[in-house]
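First comes the structure, then the notes that go with it.
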Amino acid sequence: MKALIVAAGYGSRLRAVSPSKPLTPVAGVPLIARVIAAARAGGASGFTVVTGHEAEALESFLRALDPAIACVRTADWSLANGHSVLTGADAIGPERHLLMMADHLFDPAIVARAIAAPNAPLTLAIDRRLDNPLVDLDDVTRVRTDGDRIVAIGKHLPDYDAFDCGVFAVDGRFHDALRASIAAGGSGSISAGVEALATTGGARVTDIGDAWWLDVDDPRALAQAEAALAA
(Lines give C-alpha, C1' and ligand atoms only; values in the text may rest on other atoms or scores of the structure.)
Protein backbone atom coordinates (compact mmCIF):
# COMPACT_ATOMS: atom_id res chain seq x y z
CA MET A 1 0.00 0.00 0.00
CA LYS A 2 1.28 3.47 -0.88
CA ALA A 3 1.70 6.13 1.81
CA LEU A 4 1.07 9.87 1.82
CA ILE A 5 3.11 11.80 4.38
CA VAL A 6 2.22 15.37 5.36
CA ALA A 7 5.44 17.30 5.99
CA ALA A 8 4.56 20.89 5.05
CA GLY A 9 4.04 22.72 8.33
CA TYR A 10 6.14 25.31 10.14
CA GLY A 11 6.92 23.21 13.22
CA SER A 12 6.96 26.21 15.55
CA ARG A 13 7.40 24.21 18.77
CA LEU A 14 10.62 22.65 17.48
CA ARG A 15 12.09 25.80 15.90
CA ALA A 16 14.56 26.22 18.77
CA VAL A 17 16.03 22.83 17.83
CA SER A 18 15.75 22.72 14.05
CA PRO A 19 14.54 24.99 11.20
CA SER A 20 12.76 22.00 9.63
CA LYS A 21 10.72 19.65 11.81
CA PRO A 22 10.87 16.71 9.35
CA LEU A 23 14.67 17.03 9.19
CA THR A 24 15.11 17.29 12.97
CA PRO A 25 17.66 14.65 14.03
CA VAL A 26 16.31 11.99 16.38
CA ALA A 27 19.27 10.07 17.78
CA GLY A 28 21.21 11.16 14.71
CA VAL A 29 18.59 10.25 12.08
CA PRO A 30 16.18 12.83 10.57
CA LEU A 31 12.65 12.43 11.87
CA ILE A 32 11.10 11.85 8.44
CA ALA A 33 13.65 9.14 7.64
CA ARG A 34 12.53 7.28 10.76
CA VAL A 35 8.87 7.71 9.76
CA ILE A 36 9.53 6.32 6.27
CA ALA A 37 11.58 3.40 7.61
CA ALA A 38 8.88 2.42 10.11
CA ALA A 39 6.14 2.75 7.49
CA ARG A 40 8.11 0.61 5.04
CA ALA A 41 8.70 -2.02 7.75
CA GLY A 42 4.95 -2.05 8.43
CA GLY A 43 4.06 -2.68 4.78
CA ALA A 44 4.09 0.66 2.94
CA SER A 45 5.29 0.12 -0.62
CA GLY A 46 5.78 3.65 -1.95
CA PHE A 47 5.78 7.22 -0.66
CA THR A 48 4.44 10.64 -1.62
CA VAL A 49 5.53 13.48 0.66
CA VAL A 50 3.76 16.85 0.77
CA THR A 51 6.29 19.62 1.37
CA GLY A 52 5.92 23.31 2.16
CA HIS A 53 8.05 25.06 4.78
CA GLU A 54 11.77 24.56 4.03
CA ALA A 55 10.65 22.56 0.97
CA GLU A 56 13.91 22.68 -0.96
CA ALA A 57 16.00 21.29 1.89
CA LEU A 58 13.47 18.55 2.62
CA GLU A 59 13.06 17.57 -1.04
CA SER A 60 16.83 17.44 -1.50
CA PHE A 61 17.17 15.13 1.48
CA LEU A 62 14.38 12.85 0.27
CA ARG A 63 15.86 12.59 -3.22
CA ALA A 64 19.12 11.43 -1.66
CA LEU A 65 17.34 9.07 0.71
CA ASP A 66 15.32 7.37 -2.04
CA PRO A 67 14.85 8.74 -5.58
CA ALA A 68 11.56 6.83 -5.83
CA ILE A 69 9.94 9.07 -3.18
CA ALA A 70 7.59 11.56 -4.88
CA CYS A 71 7.46 15.11 -3.50
CA VAL A 72 4.63 17.58 -4.11
CA ARG A 73 4.51 21.11 -2.75
CA THR A 74 1.37 22.52 -1.24
CA ALA A 75 0.44 25.99 -2.47
CA ASP A 76 0.19 27.56 1.00
CA TRP A 77 1.74 25.62 3.88
CA SER A 78 0.32 28.09 6.42
CA LEU A 79 -3.16 26.65 5.83
CA ALA A 80 -4.58 23.81 7.94
CA ASN A 81 -3.14 20.35 7.30
CA GLY A 82 -6.17 19.15 5.34
CA HIS A 83 -5.10 21.38 2.47
CA SER A 84 -1.77 19.56 2.37
CA VAL A 85 -3.65 16.26 2.29
CA LEU A 86 -5.61 17.41 -0.75
CA THR A 87 -2.40 18.47 -2.49
CA GLY A 88 -1.15 14.95 -1.96
CA ALA A 89 -4.48 13.44 -2.95
CA ASP A 90 -4.14 14.88 -6.44
CA ALA A 91 -0.82 13.05 -6.77
CA ILE A 92 -1.57 9.75 -5.07
CA GLY A 93 -5.10 9.25 -6.42
CA PRO A 94 -8.32 7.87 -4.88
CA GLU A 95 -7.13 4.31 -4.22
CA ARG A 96 -6.80 3.21 -0.60
CA HIS A 97 -3.52 4.39 0.90
CA LEU A 98 -1.86 5.23 4.18
CA LEU A 99 -1.92 8.79 5.49
CA MET A 100 0.56 9.80 8.17
CA MET A 101 2.26 12.79 9.70
CA ALA A 102 5.99 13.53 9.39
CA ASP A 103 6.28 14.17 13.13
CA HIS A 104 4.77 10.94 14.49
CA LEU A 105 7.10 8.04 15.31
CA PHE A 106 5.49 4.63 15.63
CA ASP A 107 5.95 0.89 15.86
CA PRO A 108 5.68 -0.62 12.35
CA ALA A 109 2.94 -2.88 13.76
CA ILE A 110 0.63 0.16 13.80
CA VAL A 111 0.99 0.55 10.04
CA ALA A 112 0.40 -3.16 9.55
CA ARG A 113 -2.83 -2.91 11.56
CA ALA A 114 -4.04 0.04 9.51
CA ILE A 115 -3.36 -1.85 6.28
CA ALA A 116 -5.12 -4.97 7.56
CA ALA A 117 -8.22 -3.11 8.81
CA PRO A 118 -11.52 -3.72 6.96
CA ASN A 119 -12.04 -1.43 4.00
CA ALA A 120 -13.66 1.90 4.95
CA PRO A 121 -13.41 5.51 3.72
CA LEU A 122 -11.13 6.13 6.68
CA THR A 123 -9.60 3.99 9.41
CA LEU A 124 -7.61 5.70 12.17
CA ALA A 125 -5.11 3.96 14.43
CA ILE A 126 -6.05 4.82 18.01
CA ASP A 127 -4.55 4.35 21.45
CA ARG A 128 -7.07 3.55 24.17
CA ARG A 129 -4.46 3.87 26.93
CA LEU A 130 -5.63 7.14 28.43
CA ASP A 131 -2.79 6.94 30.96
CA ASN A 132 -0.07 6.69 28.30
CA PRO A 133 2.76 8.80 29.81
CA LEU A 134 4.11 9.75 26.37
CA VAL A 135 0.92 11.59 25.40
CA ASP A 136 0.86 15.39 25.68
CA LEU A 137 -2.70 16.04 26.78
CA ASP A 138 -2.44 19.71 25.84
CA ASP A 139 -1.71 18.88 22.20
CA VAL A 140 -2.93 15.36 21.37
CA THR A 141 -5.99 14.86 19.19
CA ARG A 142 -8.67 13.12 21.23
CA VAL A 143 -11.20 10.65 19.85
CA ARG A 144 -14.59 9.44 21.07
CA THR A 145 -15.71 6.11 19.67
CA ASP A 146 -18.70 3.82 19.60
CA GLY A 147 -17.26 0.37 19.02
CA ASP A 148 -15.13 0.72 15.89
CA ARG A 149 -16.83 3.94 14.76
CA ILE A 150 -15.54 7.46 15.37
CA VAL A 151 -18.19 9.65 16.96
CA ALA A 152 -16.15 12.81 17.57
CA ILE A 153 -12.57 14.00 17.25
CA GLY A 154 -10.64 17.11 18.29
CA LYS A 155 -7.80 18.48 20.41
CA HIS A 156 -10.10 19.89 23.08
CA LEU A 157 -12.74 17.16 23.14
CA PRO A 158 -13.95 16.96 26.77
CA ASP A 159 -15.38 13.44 26.53
CA TYR A 160 -13.08 10.92 24.85
CA ASP A 161 -11.91 7.32 25.09
CA ALA A 162 -8.88 7.21 22.78
CA PHE A 163 -6.02 9.18 21.24
CA ASP A 164 -5.27 9.73 17.54
CA CYS A 165 -1.90 8.08 16.73
CA GLY A 166 -1.44 9.92 13.43
CA VAL A 167 -1.67 6.86 11.14
CA PHE A 168 -4.67 6.42 8.84
CA ALA A 169 -5.80 4.24 5.96
CA VAL A 170 -8.00 6.32 3.64
CA ASP A 171 -9.36 6.44 0.12
CA GLY A 172 -10.90 9.01 -2.19
CA ARG A 173 -14.06 9.17 -0.11
CA PHE A 174 -12.08 10.86 2.64
CA HIS A 175 -10.69 13.36 0.15
CA ASP A 176 -14.25 14.12 -0.99
CA ALA A 177 -15.43 14.62 2.60
CA LEU A 178 -12.51 16.95 3.28
CA ARG A 179 -13.20 19.00 0.15
CA ALA A 180 -16.87 19.27 1.07
CA SER A 181 -16.01 20.35 4.60
CA ILE A 182 -13.72 23.09 3.32
CA ALA A 183 -16.32 24.24 0.78
CA ALA A 184 -18.85 24.51 3.61
CA GLY A 185 -16.55 26.81 5.56
CA GLY A 186 -14.84 24.21 7.74
CA SER A 187 -11.42 24.66 9.30
CA GLY A 188 -9.63 22.64 6.64
CA SER A 189 -8.02 20.33 9.18
CA ILE A 190 -7.74 16.57 8.82
CA SER A 191 -9.93 16.26 11.91
CA ALA A 192 -12.67 18.28 10.19
CA GLY A 193 -12.65 15.78 7.33
CA VAL A 194 -12.81 12.90 9.82
CA GLU A 195 -15.78 14.56 11.53
CA ALA A 196 -17.56 14.89 8.19
CA LEU A 197 -17.13 11.16 7.55
CA ALA A 198 -18.13 10.32 11.12
CA THR A 199 -21.61 11.75 10.57
CA THR A 200 -22.23 9.07 7.93
CA GLY A 201 -20.52 6.24 9.80
CA GLY A 202 -17.59 6.21 7.39
CA ALA A 203 -14.84 6.92 9.95
CA ARG A 204 -13.56 3.79 11.69
CA VAL A 205 -10.77 2.91 14.11
CA THR A 206 -8.22 0.17 14.68
CA ASP A 207 -6.85 -0.26 18.21
CA ILE A 208 -3.04 -0.37 18.43
CA GLY A 209 -3.04 -2.30 21.71
CA ASP A 210 0.29 -1.83 23.48
CA ALA A 211 2.25 -0.64 20.43
CA TRP A 212 4.58 2.35 20.86
CA TRP A 213 4.07 5.76 19.25
CA LEU A 214 5.06 9.34 19.96
CA ASP A 215 4.20 12.74 18.52
CA VAL A 216 7.56 14.54 18.32
CA ASP A 217 6.24 18.08 18.49
CA ASP A 218 8.52 19.85 21.00
CA PRO A 219 11.93 19.49 22.69
CA ARG A 220 10.46 17.43 25.53
CA ALA A 221 8.95 14.90 23.12
CA LEU A 222 12.22 14.84 21.17
CA ALA A 223 14.07 13.89 24.34
CA GLN A 224 11.48 11.18 25.04
CA ALA A 225 11.94 9.79 21.54
CA GLU A 226 15.71 9.67 21.86
CA ALA A 227 15.46 7.98 25.28
CA ALA A 228 13.05 5.38 23.90
CA LEU A 229 15.28 4.64 20.92
CA ALA A 230 18.31 4.30 23.18
CA ALA A 231 16.41 1.81 25.34
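Residues are referred to by chain and number: the chain letter is A, B, ... according to the order shown in the C-alpha coordinates, the number counts from 1 in that chain, and ligands are numbered separately from 1 in the order shown.
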Hey, could you make a per-residue contact list for region 66-130 of chain A against region 145-164 of chain A with 6 Å as the cut-off, showing the nearest pair of atoms and its distance in Å to one decimal, counting only C-alpha atoms, sorted by chain and number, as a Markdown table?
| residue | atom | partner | partner_atom | distance |
| --- | --- | --- | --- | --- |
| A:Ile126 | CA | A:Asp164 | CA | 5.0 |
| A:Asp127 | CA | A:Phe163 | CA | 5.1 |
| A:Arg128 | CA | A:Ala162 | CA | 4.3 |
* Find the residues around His53 (chain A) up to 6 Å (only C-alpha atoms counted), leave out those fewer than 3 positions away in its own chain, and share them as an NGL selection string. => :A and (8-10)
Keeping only N, CA and C atoms, take the residues you just selected and write them out as a tab-separated table (two decimals), in the first residue's frame.
chain	number	residue	atom	x	y	z
A	8	ALA	N	4.52	19.53	5.60
A	8	ALA	CA	4.56	20.89	5.05
A	8	ALA	C	4.58	21.99	6.09
A	9	GLY	N	4.26	21.68	7.34
A	9	GLY	CA	4.04	22.72	8.33
A	9	GLY	C	5.29	23.41	8.84
A	10	TYR	N	5.07	24.45	9.64
A	10	TYR	CA	6.14	25.31	10.14
A	10	TYR	C	6.92	24.67	11.28
* **Closest of A:Ala225, A:Ala27, A:Ala196, A:Val216 to Asp139 (chain A) - atom-to-atom distances counting only C-alpha atoms** => A:Val216
* Two-atom distance - CA of Glu54 (chain A), CA of Ser18 (chain A) (Å) -> 10.9 Å
Give me, as CSV, each residue of region 38-132 of chain A that comes within 10 Å of region 178-182 of chain A, together with its shortest interatomic pair and the distance in Å at one decimal, counting only C-alpha atoms, with rows ordered by chain and rising residue number.
residue,atom,partner,partner_atom,distance
A:Gly82,CA,A:Leu178,CA,7.0
A:His83,CA,A:Leu178,CA,8.7
A:Val85,CA,A:Leu178,CA,8.9
A:Leu86,CA,A:Arg179,CA,7.8
